[in-house]
>>> print(open('target_36.cif').read())   # mmCIF, C-alpha atoms
data_start
loop_
_atom_site.group_PDB
_atom_site.id
_atom_site.type_symbol
_atom_site.label_atom_id
_atom_site.label_comp_id
_atom_site.auth_asym_id
_atom_site.auth_seq_id
_atom_site.Cartn_x
_atom_site.Cartn_y
_atom_site.Cartn_z
ATOM 1 C CA MET A 1 75.117 223.059 -71.006
ATOM 2 C CA MET A 2 78.807 222.474 -70.356
ATOM 3 C CA MET A 3 81.395 220.816 -72.516
ATOM 4 C CA LYS A 4 81.975 217.257 -71.358
ATOM 5 C CA GLU A 5 85.713 217.405 -71.989
ATOM 6 C CA LEU A 6 88.358 220.109 -71.619
ATOM 7 C CA SER A 7 89.587 219.148 -75.080
ATOM 8 C CA LEU A 8 86.196 220.246 -76.486
ATOM 9 C CA HIS A 9 86.668 223.686 -74.905
ATOM 10 C CA ILE A 10 90.068 223.853 -76.592
ATOM 11 C CA LEU A 11 88.494 222.966 -79.948
ATOM 12 C CA ASP A 12 85.890 225.672 -79.398
ATOM 13 C CA ILE A 13 88.318 228.388 -78.264
ATOM 14 C CA VAL A 14 90.600 227.659 -81.218
ATOM 15 C CA GLN A 15 87.683 228.433 -83.565
ATOM 16 C CA ASN A 16 87.787 231.998 -82.220
ATOM 17 C CA SER A 17 91.459 232.236 -83.203
ATOM 18 C CA ILE A 18 90.662 230.930 -86.683
ATOM 19 C CA VAL A 19 87.814 233.413 -87.136
ATOM 20 C CA ALA A 20 90.139 236.180 -85.889
ATOM 21 C CA GLY A 21 92.391 235.489 -88.875
ATOM 22 C CA ALA A 22 95.293 233.972 -86.915
ATOM 23 C CA THR A 23 98.184 232.516 -88.912
ATOM 24 C CA LEU A 24 99.816 231.036 -85.813
ATOM 25 C CA ILE A 25 97.997 229.353 -82.919
ATOM 26 C CA GLU A 26 99.779 227.912 -79.899
ATOM 27 C CA ILE A 27 97.971 225.459 -77.663
ATOM 28 C CA ALA A 28 99.635 224.488 -74.402
ATOM 29 C CA ILE A 29 98.584 222.057 -71.695
ATOM 30 C CA LYS A 30 100.581 221.763 -68.496
ATOM 31 C CA VAL A 31 99.795 219.134 -65.904
ATOM 32 C CA ASP A 32 101.453 219.138 -62.490
ATOM 33 C CA HIS A 33 100.230 216.212 -60.423
ATOM 34 C CA ALA A 34 102.362 217.075 -57.386
ATOM 35 C CA GLY A 35 100.859 220.563 -57.281
ATOM 36 C CA ASP A 36 97.361 219.210 -58.106
ATOM 37 C CA TRP A 37 97.164 221.816 -60.839
ATOM 38 C CA MET A 38 96.787 222.020 -64.587
ATOM 39 C CA ALA A 39 96.649 224.841 -67.108
ATOM 40 C CA ILE A 40 95.333 225.142 -70.641
ATOM 41 C CA SER A 41 96.301 228.087 -72.796
ATOM 42 C CA VAL A 42 95.555 229.172 -76.345
ATOM 43 C CA SER A 43 97.388 232.094 -77.882
ATOM 44 C CA ASP A 44 97.145 233.442 -81.397
ATOM 45 C CA ASN A 45 98.341 236.257 -83.616
ATOM 46 C CA GLY A 46 94.871 237.112 -84.935
ATOM 47 C CA ARG A 47 93.302 240.537 -84.988
ATOM 48 C CA GLY A 48 92.726 240.521 -81.236
ATOM 49 C CA MET A 49 90.130 242.463 -79.311
ATOM 50 C CA ASP A 50 89.933 246.075 -78.211
ATOM 51 C CA LYS A 51 89.300 247.009 -74.570
ATOM 52 C CA VAL A 52 85.551 247.261 -75.035
ATOM 53 C CA LEU A 53 85.135 243.828 -76.607
ATOM 54 C CA LEU A 54 87.623 242.331 -74.148
ATOM 55 C CA SER A 55 85.567 243.602 -71.218
ATOM 56 C CA GLN A 56 82.377 242.118 -72.692
ATOM 57 C CA VAL A 57 83.643 238.836 -74.047
ATOM 58 C CA GLU A 58 83.121 236.886 -70.828
ATOM 59 C CA SER A 59 79.416 237.652 -71.020
ATOM 60 C CA PRO A 60 77.137 235.214 -72.852
ATOM 61 C CA PHE A 61 75.438 238.152 -74.526
ATOM 62 C CA THR A 62 78.507 239.023 -76.546
ATOM 63 C CA THR A 63 79.183 237.278 -79.826
ATOM 64 C CA SER A 64 80.567 238.017 -83.259
ATOM 65 C CA ARG A 65 78.354 235.419 -84.874
ATOM 66 C CA THR A 66 75.539 236.671 -87.053
ATOM 67 C CA THR A 67 73.224 233.677 -86.755
ATOM 68 C CA ARG A 68 72.148 234.426 -83.196
ATOM 69 C CA LYS A 69 72.858 236.812 -80.377
ATOM 70 C CA VAL A 70 74.568 234.745 -77.695
ATOM 71 C CA GLY A 71 78.097 233.391 -77.549
ATOM 72 C CA LEU A 72 78.708 230.728 -74.952
ATOM 73 C CA GLY A 73 82.201 229.474 -75.733
ATOM 74 C CA ILE A 74 84.256 231.802 -73.537
ATOM 75 C CA PRO A 75 81.690 232.104 -70.684
ATOM 76 C CA MET A 76 81.483 228.288 -70.409
ATOM 77 C CA PHE A 77 85.267 227.909 -70.480
ATOM 78 C CA LYS A 78 85.597 230.526 -67.716
ATOM 79 C CA ALA A 79 82.781 229.123 -65.569
ATOM 80 C CA GLY A 80 84.198 225.617 -65.881
ATOM 81 C CA ALA A 81 87.646 226.677 -64.678
ATOM 82 C CA GLU A 82 86.400 228.879 -61.845
ATOM 83 C CA GLY A 83 84.010 226.140 -60.737
ATOM 84 C CA ALA A 84 86.850 223.637 -60.531
ATOM 85 C CA GLY A 85 89.213 225.431 -58.176
ATOM 86 C CA GLY A 86 90.991 227.254 -60.990
ATOM 87 C CA SER A 87 91.196 230.624 -62.654
ATOM 88 C CA PHE A 88 90.568 232.218 -66.007
ATOM 89 C CA THR A 89 92.615 234.862 -67.805
ATOM 90 C CA ILE A 90 92.033 236.577 -71.124
ATOM 91 C CA LYS A 91 94.373 239.165 -72.614
ATOM 92 C CA SER A 92 94.532 240.795 -75.983
ATOM 93 C CA THR A 93 96.203 243.561 -77.921
ATOM 94 C CA PRO A 94 94.250 244.781 -80.951
ATOM 95 C CA GLY A 95 96.082 243.818 -84.133
ATOM 96 C CA LYS A 96 98.509 241.551 -82.283
ATOM 97 C CA GLY A 97 96.497 238.602 -81.010
ATOM 98 C CA ALA A 98 94.863 237.096 -77.978
ATOM 99 C CA TYR A 99 95.798 234.846 -75.069
ATOM 100 C CA ILE A 100 93.391 232.746 -73.037
ATOM 101 C CA GLU A 101 94.347 230.620 -70.068
ATOM 102 C CA ALA A 102 92.232 228.408 -67.829
ATOM 103 C CA THR A 103 93.612 226.587 -64.808
ATOM 104 C CA TYR A 104 92.098 223.767 -62.778
ATOM 105 C CA GLN A 105 92.604 221.880 -59.566
ATOM 106 C CA ILE A 106 93.170 218.385 -60.982
ATOM 107 C CA SER A 107 91.419 216.579 -58.125
ATOM 108 C CA HIS A 108 88.384 218.893 -58.107
ATOM 109 C CA LEU A 109 85.150 216.909 -58.468
ATOM 110 C CA ASP A 110 83.750 219.327 -61.033
ATOM 111 C CA ARG A 111 86.798 219.314 -63.284
ATOM 112 C CA PRO A 112 85.909 217.652 -66.597
ATOM 113 C CA PRO A 113 88.453 215.160 -67.968
ATOM 114 C CA LEU A 114 90.830 216.359 -70.669
ATOM 115 C CA GLY A 115 89.201 213.823 -72.995
ATOM 116 C CA ASP A 116 90.185 213.220 -76.597
ATOM 117 C CA ILE A 117 92.858 215.883 -76.999
ATOM 118 C CA ALA A 118 94.363 213.924 -79.912
ATOM 119 C CA GLY A 119 90.988 214.222 -81.704
ATOM 120 C CA THR A 120 90.868 217.971 -81.097
ATOM 121 C CA LEU A 121 94.364 218.444 -82.530
ATOM 122 C CA TYR A 122 93.706 216.063 -85.440
ATOM 123 C CA VAL A 123 90.697 218.012 -86.742
ATOM 124 C CA THR A 124 92.251 221.409 -85.997
ATOM 125 C CA VAL A 125 95.525 220.666 -87.786
ATOM 126 C CA VAL A 126 94.128 218.792 -90.793
ATOM 127 C CA CYS A 127 91.214 221.151 -91.488
ATOM 128 C CA ASN A 128 93.296 224.328 -91.166
ATOM 129 C CA ASP A 129 96.504 223.643 -92.987
ATOM 130 C CA THR A 130 97.119 227.281 -93.886
ATOM 131 C CA ILE A 131 97.415 228.067 -90.164
ATOM 132 C CA ASP A 132 100.600 227.188 -88.267
ATOM 133 C CA ILE A 133 99.731 225.286 -85.108
ATOM 134 C CA VAL A 134 102.049 224.564 -82.217
ATOM 135 C CA PHE A 135 100.941 222.121 -79.538
ATOM 136 C CA ARG A 136 102.873 221.634 -76.308
ATOM 137 C CA TYR A 137 101.717 219.089 -73.775
ATOM 138 C CA THR A 138 103.644 218.773 -70.545
ATOM 139 C CA VAL A 139 102.856 216.192 -67.876
ATOM 140 C CA ASP A 140 105.088 216.624 -64.842
ATOM 141 C CA ASP A 141 108.632 216.068 -66.189
ATOM 142 C CA ALA A 142 107.653 214.665 -69.562
ATOM 143 C CA GLY A 143 106.619 216.562 -72.647
ATOM 144 C CA TYR A 144 105.335 216.151 -76.182
ATOM 145 C CA SER A 145 105.115 218.807 -78.848
ATOM 146 C CA LEU A 146 103.931 219.081 -82.408
ATOM 147 C CA ASP A 147 104.694 222.012 -84.687
ATOM 148 C CA THR A 148 102.918 222.011 -88.051
ATOM 149 C CA ARG A 149 105.664 224.216 -89.522
ATOM 150 C CA GLU A 150 107.988 221.194 -89.284
ATOM 151 C CA ILE A 151 105.423 219.047 -91.097
ATOM 152 C CA ARG A 152 104.961 221.733 -93.735
ATOM 153 C CA ALA A 153 108.742 222.007 -94.210
ATOM 154 C CA VAL A 154 108.945 218.295 -95.069
ATOM 155 C CA LEU A 155 105.804 218.166 -97.222
ATOM 156 C CA GLY A 156 106.443 221.396 -99.138
ATOM 157 C CA GLU A 157 103.610 223.618 -100.311
ATOM 158 C CA ASP A 158 102.098 221.108 -102.722
ATOM 159 C CA VAL A 159 100.824 218.444 -100.370
ATOM 160 C CA PRO A 160 97.809 219.459 -98.258
ATOM 161 C CA PHE A 161 97.388 218.022 -94.771
ATOM 162 C CA ASN A 162 94.046 216.525 -95.790
ATOM 163 C CA THR A 163 95.695 214.167 -98.265
ATOM 164 C CA PRO A 164 94.577 210.750 -96.946
ATOM 165 C CA GLU A 165 98.098 209.472 -96.154
ATOM 166 C CA VAL A 166 99.096 212.734 -94.489
ATOM 167 C CA SER A 167 95.960 213.087 -92.389
ATOM 168 C CA GLN A 168 96.411 209.530 -91.098
ATOM 169 C CA TRP A 169 100.090 210.184 -90.366
ATOM 170 C CA ILE A 170 99.088 213.251 -88.329
ATOM 171 C CA LYS A 171 96.403 211.273 -86.524
ATOM 172 C CA ASN A 172 98.839 208.483 -85.603
ATOM 173 C CA GLU A 173 101.621 210.882 -84.664
ATOM 174 C CA LEU A 174 99.315 212.707 -82.248
ATOM 175 C CA ALA A 175 97.875 209.510 -80.800
ATOM 176 C CA GLU A 176 101.304 207.987 -80.174
ATOM 177 C CA GLY A 177 102.869 211.193 -78.857
ATOM 178 C CA ILE A 178 100.031 211.900 -76.461
ATOM 179 C CA HIS A 179 99.718 208.276 -75.402
ATOM 180 C CA SER A 180 103.441 208.158 -74.636
ATOM 181 C CA LEU A 181 102.894 210.784 -71.933
ATOM 182 C CA ASN A 182 100.111 208.737 -70.436
ATOM 183 C CA GLY A 183 98.640 211.974 -69.178
ATOM 184 C CA GLY A 184 95.533 210.383 -67.757
ATOM 185 C CA VAL A 185 93.865 213.601 -66.665
ATOM 186 C CA MET B 1 107.528 214.490 -83.364
ATOM 187 C CA LYS B 2 109.057 211.079 -83.784
ATOM 188 C CA SER B 3 108.209 209.724 -87.172
ATOM 189 C CA ILE B 4 108.702 212.825 -89.312
ATOM 190 C CA GLN B 5 111.026 210.918 -91.674
ATOM 191 C CA GLU B 6 108.034 208.910 -92.878
ATOM 192 C CA LEU B 7 106.525 212.126 -94.198
ATOM 193 C CA GLU B 8 109.172 212.447 -96.880
ATOM 194 C CA ALA B 9 108.110 209.076 -98.296
ATOM 195 C CA ILE B 10 104.440 210.083 -98.090
ATOM 196 C CA ARG B 11 105.213 213.307 -99.919
ATOM 197 C CA LYS B 12 106.873 211.493 -102.825
ATOM 198 C CA LYS B 13 104.112 208.932 -102.983
ATOM 199 C CA THR B 14 101.276 211.435 -103.020
ATOM 200 C CA LEU B 15 102.603 214.190 -105.299
ATOM 201 C CA GLU B 16 101.155 212.508 -108.398
ATOM 202 C CA SER B 17 97.703 212.014 -106.994
ATOM 203 C CA ILE B 18 97.768 215.589 -105.690
ATOM 204 C CA ASN B 19 98.028 216.945 -109.212
ATOM 205 C CA LEU B 20 95.094 214.781 -110.175
ATOM 206 C CA ARG B 21 93.180 216.179 -107.210
ATOM 207 C CA LYS B 22 93.790 219.779 -108.228
ATOM 208 C CA ASP B 23 92.428 219.203 -111.730
ATOM 209 C CA THR B 24 89.019 217.929 -110.706
ATOM 210 C CA GLU B 25 86.293 219.745 -108.890
ATOM 211 C CA GLY B 26 85.386 217.580 -105.949
ATOM 212 C CA THR B 27 82.931 217.048 -103.141
ATOM 213 C CA ARG B 28 83.014 219.219 -100.022
ATOM 214 C CA ILE B 29 81.747 217.797 -96.740
ATOM 215 C CA VAL B 30 81.370 220.607 -94.234
ATOM 216 C CA VAL B 31 80.734 220.065 -90.514
ATOM 217 C CA GLY B 32 79.449 222.908 -88.295
ATOM 218 C CA MET B 33 81.995 223.428 -85.518
ATOM 219 C CA ALA B 34 80.778 226.420 -83.549
ATOM 220 C CA THR B 35 80.139 226.066 -79.806
ATOM 221 C CA CYS B 36 76.684 224.598 -80.477
ATOM 222 C CA GLY B 37 78.001 221.969 -82.871
ATOM 223 C CA ILE B 38 80.951 220.997 -80.667
ATOM 224 C CA ALA B 39 78.753 220.665 -77.564
ATOM 225 C CA ALA B 40 76.290 218.524 -79.537
ATOM 226 C CA GLY B 41 79.001 216.082 -80.632
ATOM 227 C CA ALA B 42 80.427 217.428 -83.898
ATOM 228 C CA ARG B 43 84.049 216.424 -83.220
ATOM 229 C CA PRO B 44 83.570 212.639 -83.479
ATOM 230 C CA VAL B 45 81.408 213.223 -86.570
ATOM 231 C CA LEU B 46 84.139 215.293 -88.215
ATOM 232 C CA THR B 47 86.846 212.757 -87.338
ATOM 233 C CA ALA B 48 84.627 209.941 -88.663
ATOM 234 C CA PHE B 49 84.288 211.714 -92.042
ATOM 235 C CA MET B 50 88.040 212.426 -92.144
ATOM 236 C CA ASP B 51 88.881 208.807 -91.301
ATOM 237 C CA GLU B 52 86.364 207.417 -93.773
ATOM 238 C CA ALA B 53 87.640 209.672 -96.595
ATOM 239 C CA ALA B 54 91.221 208.629 -95.799
ATOM 240 C CA LYS B 55 90.391 204.931 -95.429
ATOM 241 C CA ARG B 56 88.624 204.816 -98.782
ATOM 242 C CA ASN B 57 91.323 207.054 -100.275
ATOM 243 C CA LEU B 58 88.725 209.495 -101.629
ATOM 244 C CA GLN B 59 91.057 211.883 -103.436
ATOM 245 C CA HIS B 60 88.324 214.239 -104.642
ATOM 246 C CA VAL B 61 86.685 214.769 -101.289
ATOM 247 C CA VAL B 62 87.518 217.624 -98.957
ATOM 248 C CA VAL B 63 86.291 217.456 -95.367
ATOM 249 C CA ALA B 64 86.131 220.885 -93.754
ATOM 250 C CA GLN B 65 84.800 222.666 -90.700
ATOM 251 C CA THR B 66 82.731 225.806 -90.557
ATOM 252 C CA GLY B 67 81.104 228.012 -87.930
ATOM 253 C CA CYS B 68 77.485 228.077 -86.842
ATOM 254 C CA ILE B 69 75.134 226.973 -89.605
ATOM 255 C CA GLY B 70 72.218 228.620 -87.817
ATOM 256 C CA VAL B 71 69.940 225.785 -86.697
ATOM 257 C CA CYS B 72 71.692 224.966 -83.417
ATOM 258 C CA ARG B 73 68.929 222.653 -82.153
ATOM 259 C CA LEU B 74 69.655 220.284 -85.045
ATOM 260 C CA GLU B 75 73.432 220.066 -84.530
ATOM 261 C CA PRO B 76 75.636 218.304 -85.411
ATOM 262 C CA ILE B 77 74.904 219.491 -88.933
ATOM 263 C CA VAL B 78 76.782 218.338 -92.028
ATOM 264 C CA GLU B 79 76.464 219.916 -95.456
ATOM 265 C CA VAL B 80 77.529 218.155 -98.640
ATOM 266 C CA TYR B 81 78.385 220.211 -101.709
ATOM 267 C CA GLN B 82 78.872 218.500 -105.057
ATOM 268 C CA PRO B 83 79.448 220.291 -108.354
ATOM 269 C CA GLY B 84 76.239 220.683 -110.347
ATOM 270 C CA LYS B 85 74.044 219.351 -107.553
ATOM 271 C CA GLU B 86 71.950 220.935 -104.851
ATOM 272 C CA LYS B 87 73.471 221.151 -101.388
ATOM 273 C CA VAL B 88 72.374 218.351 -99.063
ATOM 274 C CA THR B 89 72.048 219.115 -95.335
ATOM 275 C CA TYR B 90 72.181 216.297 -92.785
ATOM 276 C CA VAL B 91 71.034 216.984 -89.212
ATOM 277 C CA LYS B 92 71.594 215.409 -85.801
ATOM 278 C CA VAL B 93 74.441 213.447 -87.318
ATOM 279 C CA THR B 94 76.182 210.784 -85.225
ATOM 280 C CA PRO B 95 79.420 208.924 -86.066
ATOM 281 C CA ASP B 96 77.508 205.716 -86.852
ATOM 282 C CA MET B 97 75.636 207.527 -89.664
ATOM 283 C CA VAL B 98 78.860 208.549 -91.385
ATOM 284 C CA GLY B 99 79.662 205.233 -93.104
ATOM 285 C CA LYS B 100 76.240 205.155 -94.763
ATOM 286 C CA ILE B 101 76.457 208.790 -95.910
ATOM 287 C CA VAL B 102 79.894 208.205 -97.433
ATOM 288 C CA THR B 103 78.942 204.936 -99.151
ATOM 289 C CA GLU B 104 75.520 205.888 -100.462
ATOM 290 C CA HIS B 105 75.910 209.601 -101.088
ATOM 291 C CA ILE B 106 79.578 210.493 -101.563
ATOM 292 C CA VAL B 107 80.606 207.328 -103.418
ATOM 293 C CA ASN B 108 77.356 206.274 -105.114
ATOM 294 C CA GLY B 109 75.672 209.643 -105.518
ATOM 295 C CA ASN B 110 72.404 208.913 -103.687
ATOM 296 C CA PRO B 111 71.766 211.203 -100.693
ATOM 297 C CA VAL B 112 70.535 209.401 -97.548
ATOM 298 C CA THR B 113 67.101 211.036 -97.482
ATOM 299 C CA GLY B 114 66.206 209.763 -94.004
ATOM 300 C CA TYR B 115 69.051 211.783 -92.441
ATOM 301 C CA THR B 116 68.334 215.090 -94.198
ATOM 302 C CA ILE B 117 66.890 218.255 -92.707
ATOM 303 C CA GLY B 118 63.885 218.082 -95.041
ATOM 304 C CA TYR B 119 62.977 214.589 -93.850
ATOM 305 C CA TYR B 120 63.574 215.510 -90.212
ATOM 306 C CA GLU B 121 61.385 218.622 -90.369
ATOM 307 C CA ALA B 122 58.587 216.724 -92.114
ATOM 308 C CA HIS B 123 58.581 213.800 -89.689
ATOM 309 C CA SER B 124 59.309 215.341 -86.291
ATOM 310 C CA LYS B 125 56.053 217.226 -85.760
#
>>> encode(input="target_36.cif", output="structure tokens")
Amino acid sequence: MMMKELSLHILDIVQNSIVAGATLIEIAIKVDHAGDWMAISVSDNGRGMDKVLLSQVESPFTTSRTTRKVGLGIPMFKAGAEGAGGSFTIKSTPGKGAYIEATYQISHLDRPPLGDIAGTLYVTVVCNDTIDIVFRYTVDDAGYSLDTREIRAVLGEDVPFNTPEVSQWIKNELAEGIHSLNGGV
Amino acid sequence: MKSIQELEAIRKKTLESINLRKDTEGTRIVVGMATCGIAAGARPVLTAFMDEAAKRNLQHVVVAQTGCIGVCRLEPIVEVYQPGKEKVTYVKVTPDMVGKIVTEHIVNGNPVTGYTIGYYEAHSK
């Protein structure tokens, strides 16, 4: 089974960062129509992986979960990129964090659509308000970014992101910002 | 971010209700968001619960995500925790089931039996 949208892979990969104890997660999407190329990257400052785990993590038979013995998130993300004219990179320094990047040929028939990236960011930001999240979305010459540290600075420590008014503000902000780029990938 | 000024107004408006929120033990709605849950459609379920809680201004409800709940074939799985009550587990949840769960269970206190794991296991053989 493959994820139907690239934004679902992002949601899935970000869970690894959360489980790794990250306090800062950066999600970047770059789309270059002229070059027929796009890249998705997730970097975090979590506990990272040592060389042994890093060498095994692309295999479905490696997982840190305790409920079963296979982990498909990273293998599916990698297979999806490599099957769509792109590449896959994973780097990590134990204690410092991890970096994952997948690239795609935009016009490749097997490249899934980006899908509901606003939905992915909405749930990630609102449900994890103790983690700083930076999102940068670049489409050709235009860009949109959201940094939850700026939201936190305005709200102070007392108002959680899941307060109804705040969660809807975040939802609308993401929808408008992403729509304004009219990414359409 | 364009409309960050609006947040200041939201902050002032909500500070009072926040204190209220802290004082009461509330309901937790937890959606499984491991690879299995996400692939099975957990994201629109989670956003539907978040939207519904916000729309109805449910101040004592926290919607959260968790990892693999362990019964991947029944994803998306949603667990509801309420103080003093037994946990209720909903399976194969779709966004169109969310309104009913919120109205009947979260607001009125009557779990939607037909959507629970117990009902599913008893009737799917």
>>> axis_aligned_box(input="target_36.cif", around="region 36-52 of chain A", padding_each_side="8 Å", output="AutoDock Vina command-line options")
--center_x 91.9 --center_y 233.2 --center_z -71.5 --size_x 28.8 --size_y 44.1 --size_z 42.9
>>> closest_residue(input="target_36.cif", among="B:Glu6, B:Asp96, B:Glu52, B:Glu121", to="Leu74 (chain B)", atoms="all atoms listed in the file")
B:Glu121
>>> closest_residue(input="target_36.cif", among="A:Leu11, A:Met76, A:Ile90, A:Leu114", to="Ser43 (chain A)", atoms="only C-alpha atoms")
A:Ile90
>>> closest_residue(input="target_36.cif", among="B:Ile101, B:Glu25, B:Val112, B:Thr35", to="Gly84 (chain B)", atoms="all atoms listed in the file")
B:Glu25
>>> atom_distance(input="target_36.cif", atom1="CA of Cys68 (chain B)", atom2="CA of Ser167 (chain A)")
24.4 Å
>>> residues_around(input="target_36.cif", residues="Glu165 (chain A)", least_positions_apart="5", cutoff="8 Å", atoms="all atoms listed in the file", output="ChimeraX atom specification")
/B:10,14,54
>>> interface_residues(input="target_36.cif", of="chain B", to="chain A", cutoff="9 Å", atoms="all atoms listed in the file", output="PDB file with C-alpha atoms, in the coordinates of the input")
ATOM      1  CA  MET B   1     107.528 214.490 -83.364  1.00  0.00           C
ATOM      2  CA  LYS B   2     109.057 211.079 -83.784  1.00  0.00           C
ATOM      3  CA  SER B   3     108.209 209.724 -87.172  1.00  0.00           C
ATOM      4  CA  ILE B   4     108.702 212.825 -89.312  1.00  0.00           C
ATOM      5  CA  GLN B   5     111.026 210.918 -91.674  1.00  0.00           C
ATOM      6  CA  GLU B   6     108.034 208.910 -92.878  1.00  0.00           C
ATOM      7  CA  LEU B   7     106.525 212.126 -94.198  1.00  0.00           C
ATOM      8  CA  GLU B   8     109.172 212.447 -96.880  1.00  0.00           C
ATOM      9  CA  ILE B  10     104.440 210.083 -98.090  1.00  0.00           C
ATOM     10  CA  ARG B  11     105.213 213.307 -99.919  1.00  0.00           C
ATOM     11  CA  LYS B  12     106.873 211.493-102.825  1.00  0.00           C
ATOM     12  CA  THR B  14     101.276 211.435-103.020  1.00  0.00           C
ATOM     13  CA  LEU B  15     102.603 214.190-105.299  1.00  0.00           C
ATOM     14  CA  ILE B  18      97.768 215.589-105.690  1.00  0.00           C
ATOM     15  CA  ASN B  19      98.028 216.945-109.212  1.00  0.00           C
ATOM     16  CA  MET B  33      81.995 223.428 -85.518  1.00  0.00           C
ATOM     17  CA  ALA B  34      80.778 226.420 -83.549  1.00  0.00           C
ATOM     18  CA  THR B  35      80.139 226.066 -79.806  1.00  0.00           C
ATOM     19  CA  CYS B  36      76.684 224.598 -80.477  1.00  0.00           C
ATOM     20  CA  ILE B  38      80.951 220.997 -80.667  1.00  0.00           C
ATOM     21  CA  ALA B  39      78.753 220.665 -77.564  1.00  0.00           C
ATOM     22  CA  ALA B  40      76.290 218.524 -79.537  1.00  0.00           C
ATOM     23  CA  ARG B  43      84.049 216.424 -83.220  1.00  0.00           C
ATOM     24  CA  PRO B  44      83.570 212.639 -83.479  1.00  0.00           C
ATOM     25  CA  LEU B  46      84.139 215.293 -88.215  1.00  0.00           C
ATOM     26  CA  THR B  47      86.846 212.757 -87.338  1.00  0.00           C
ATOM     27  CA  MET B  50      88.040 212.426 -92.144  1.00  0.00           C
ATOM     28  CA  ASP B  51      88.881 208.807 -91.301  1.00  0.00           C
ATOM     29  CA  ALA B  53      87.640 209.672 -96.595  1.00  0.00           C
ATOM     30  CA  ALA B  54      91.221 208.629 -95.799  1.00  0.00           C
ATOM     31  CA  LYS B  55      90.391 204.931 -95.429  1.00  0.00           C
ATOM     32  CA  ARG B  56      88.624 204.816 -98.782  1.00  0.00           C
ATOM     33  CA  ASN B  57      91.323 207.054-100.275  1.00  0.00           C
ATOM     34  CA  LEU B  58      88.725 209.495-101.629  1.00  0.00           C
ATOM     35  CA  GLN B  59      91.057 211.883-103.436  1.00  0.00           C
ATOM     36  CA  VAL B  62      87.518 217.624 -98.957  1.00  0.00           C
ATOM     37  CA  VAL B  63      86.291 217.456 -95.367  1.00  0.00           C
ATOM     38  CA  ALA B  64      86.131 220.885 -93.754  1.00  0.00           C
ATOM     39  CA  GLN B  65      84.800 222.666 -90.700  1.00  0.00           C
ATOM     40  CA  THR B  66      82.731 225.806 -90.557  1.00  0.00           C
ATOM     41  CA  GLY B  67      81.104 228.012 -87.930  1.00  0.00           C
ATOM     42  CA  CYS B  68      77.485 228.077 -86.842  1.00  0.00           C
ATOM     43  CA  ILE B  69      75.134 226.973 -89.605  1.00  0.00           C
ATOM     44  CA  GLY B  70      72.218 228.620 -87.817  1.00  0.00           C
ATOM     45  CA  VAL B  71      69.940 225.785 -86.697  1.00  0.00           C
TER      46      VAL B  71
END
>>> atom_distance(input="target_36.cif", atom1="CA of Asp110 (chain A)", atom2="CA of Gly83 (chain A)")
6.8 Å
>>> atom_distance(input="target_36.cif", atom1="CA of Tyr81 (chain B)", atom2="CA of Asp129 (chain A)")
20.4 Å
>>> resolve_selection(input="target_36.cif", expression="the PyMOL selection byres ((chain A and resi 91) around 10)", output="list in words")
Ser43, Gly48, Met49, Asp50, Lys51, Leu54, Ser55, Thr89, Ile90, Ser92, Thr93, Gly97, Ala98, Tyr99, Ile100 and Glu101 of chain A
>>> write_last_selection(input="target_36.cif", atoms="C-alpha atoms", output="mmCIF file, keeping the file's coordinate frame")
data_model
loop_
_atom_site.group_PDB
_atom_site.id
_atom_site.type_symbol
_atom_site.label_atom_id
_atom_site.label_comp_id
_atom_site.auth_asym_id
_atom_site.auth_seq_id
_atom_site.Cartn_x
_atom_site.Cartn_y
_atom_site.Cartn_z
ATOM 1 C CA SER A 43 97.388 232.094 -77.882
ATOM 2 C CA GLY A 48 92.726 240.521 -81.236
ATOM 3 C CA MET A 49 90.130 242.463 -79.311
ATOM 4 C CA ASP A 50 89.933 246.075 -78.211
ATOM 5 C CA LYS A 51 89.300 247.009 -74.570
ATOM 6 C CA LEU A 54 87.623 242.331 -74.148
ATOM 7 C CA SER A 55 85.567 243.602 -71.218
ATOM 8 C CA THR A 89 92.615 234.862 -67.805
ATOM 9 C CA ILE A 90 92.033 236.577 -71.124
ATOM 10 C CA SER A 92 94.532 240.795 -75.983
ATOM 11 C CA THR A 93 96.203 243.561 -77.921
ATOM 12 C CA GLY A 97 96.497 238.602 -81.010
ATOM 13 C CA ALA A 98 94.863 237.096 -77.978
ATOM 14 C CA TYR A 99 95.798 234.846 -75.069
ATOM 15 C CA ILE A 100 93.391 232.746 -73.037
ATOM 16 C CA GLU A 101 94.347 230.620 -70.068
#
>>> closest_residue(input="target_36.cif", among="A:Lys96, A:Arg47, A:Arg136, A:Arg149", to="Lys30 (chain A)", atoms="all atoms listed in the file")
A:Arg136
>>> closest_residue(input="target_36.cif", among="A:Asn45, A:Ser7, A:Ser107, A:Ser87", to="Ile29 (chain A)", atoms="all atoms listed in the file")
A:Ser7
